[in-house]
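Heads up: the structure comes next, in structure tokens.
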Amino acid sequence: RFGRPTIQTRIALRKQLGIAEDVPVILFVGEAVKGVAMALRSLAHITDAVLVVVSRSTSAPYVRLARQLGVLERVIFTGFMEDVAPFYQMADVFLYPSPYDSFGMVVLEAMSCGLPCILSKHIGAAEIIDHGVDGLLCQYDSIESIVGCLSRLLKNREVARAVGDAAAHTVGFWTWDRCALGTFDVYRRVLERR
């Protein structure tokens with residue numbers, strides 16, 4: 001399911017959502033408390049992009065915030081989606097400015113689709129990111145930090161493509177087998193200390 005997008009997937013979903021091919025799409029996937037408010041506040045400083053929010057969280061407070069910020073017409077709240085892969089494949093940037101997350105599996109999903117990611121320095125997935133190479137790390141509570149990262153990727157397609165390519169390469173290293181062996185190794189070392 002996850003992987004590099006085809007041009008057909010990208011065009012089809014954008015058409016379904018009413019987004020033109022040349023409009024930059026910022027994607028957020030996950031629980032809304034993990035960064036939707038900051039994504040909306042950041043969008044107010046990025047004039048030519050659309051934010052797509054895929055979340056099972058109630059959207060009402062975020063719709064109100066988007067309206068207050070004057071960005072509601074550039075935000076699409078999809079609600080829960082069983083299959084999120086096409087959303088990663090049609091977006092230009094994945095934004096996850098979460099103040100917390102033990103890891104953030106959505107980051108790996110986005111990376112596996114070659115999508116350049118911007119994520120908070122404060123989540124577990126930040127540990128696998130080489131800032132500026134295979135992703136960008138932001139300060140979750142700083143509009144300036146988030147907007148700076150967004151501008152860097154949205155204004156330079158070559159940089160975005162290079163970061164997305166590196167992300168896809170990095171995520172290939174983190175297989176389930178490698179993670180399982182790493183977890184097993186931690187348990188083994190703890191048991192050996194006893």
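Chain lettering (A, B, ...) mirrors the order of the structure tokens, residue numbering begins at 1 for each chain separately, and ligand numbering begins at 1 in order of display.
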Exercise. Taking the backbone alone, and naming residues the way the document does, which bits of range 36-185 of chain A are helix (DSSP H, G or I) by DSSP, as a ChimeraX atom specification?
Worked result: /A:36-43,60-69,72-74,85-90,105-112,124-128,143-154,157-173,176-185
For Ala20 in chain A, find every residue with an atom within 12 Å (counting only C-alpha atoms), except residues of its own chain fewer than 4 positions away, and show them as a list of chain:residue names.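 So the residues in contact are A:Arg10, A:Ile11, A:Ala12, A:Leu13, A:Arg14, A:Lys15, A:Gln16, A:Pro24, A:Val25, A:Asp48, A:Ala49, A:Val50, A:Arg74, A:Met90, A:Ala91.
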* **Among the residues A:Tyr187, A:Val36, A:Ile118, A:Gly172, the one that comes closest to Ser151 in chain A [using only C-alpha atoms]** =>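 Between A:Tyr187, A:Val36, A:Ile118, A:Gly172, the residue approaching Ser151 in chain A most closely is A:Ile118.
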Strand (DSSP E or B) call set, DSSP backbone run, chain A, as a list in words =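 Secondary structure check on chain A, strand (DSSP E or B): Val25, Ile26, Leu27, Phe28, Val29, Val50, Leu51, Val52, Val53, Val54, Val75, Ile76, Phe77, Val93, Phe94, Leu95, Tyr96, Cys117, Ile118, Leu119, Ser120, His131, Gly135, Leu136, Leu137 and Cys138 of chain A.
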Next on the checklist: Could you tell me how far CA of Ala125 in chain A sits from CA of Leu43 in chain A, in Å to one decimal place?
Outcome noted: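 It comes out at 23.2 Å.
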For CA of Leu136 in chain A and CA of Met111 in chain A, determine how far apart the two atoms are, in Å to one decimal place.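 Rounded to one decimal, the two atoms are 11.8 Å apart.
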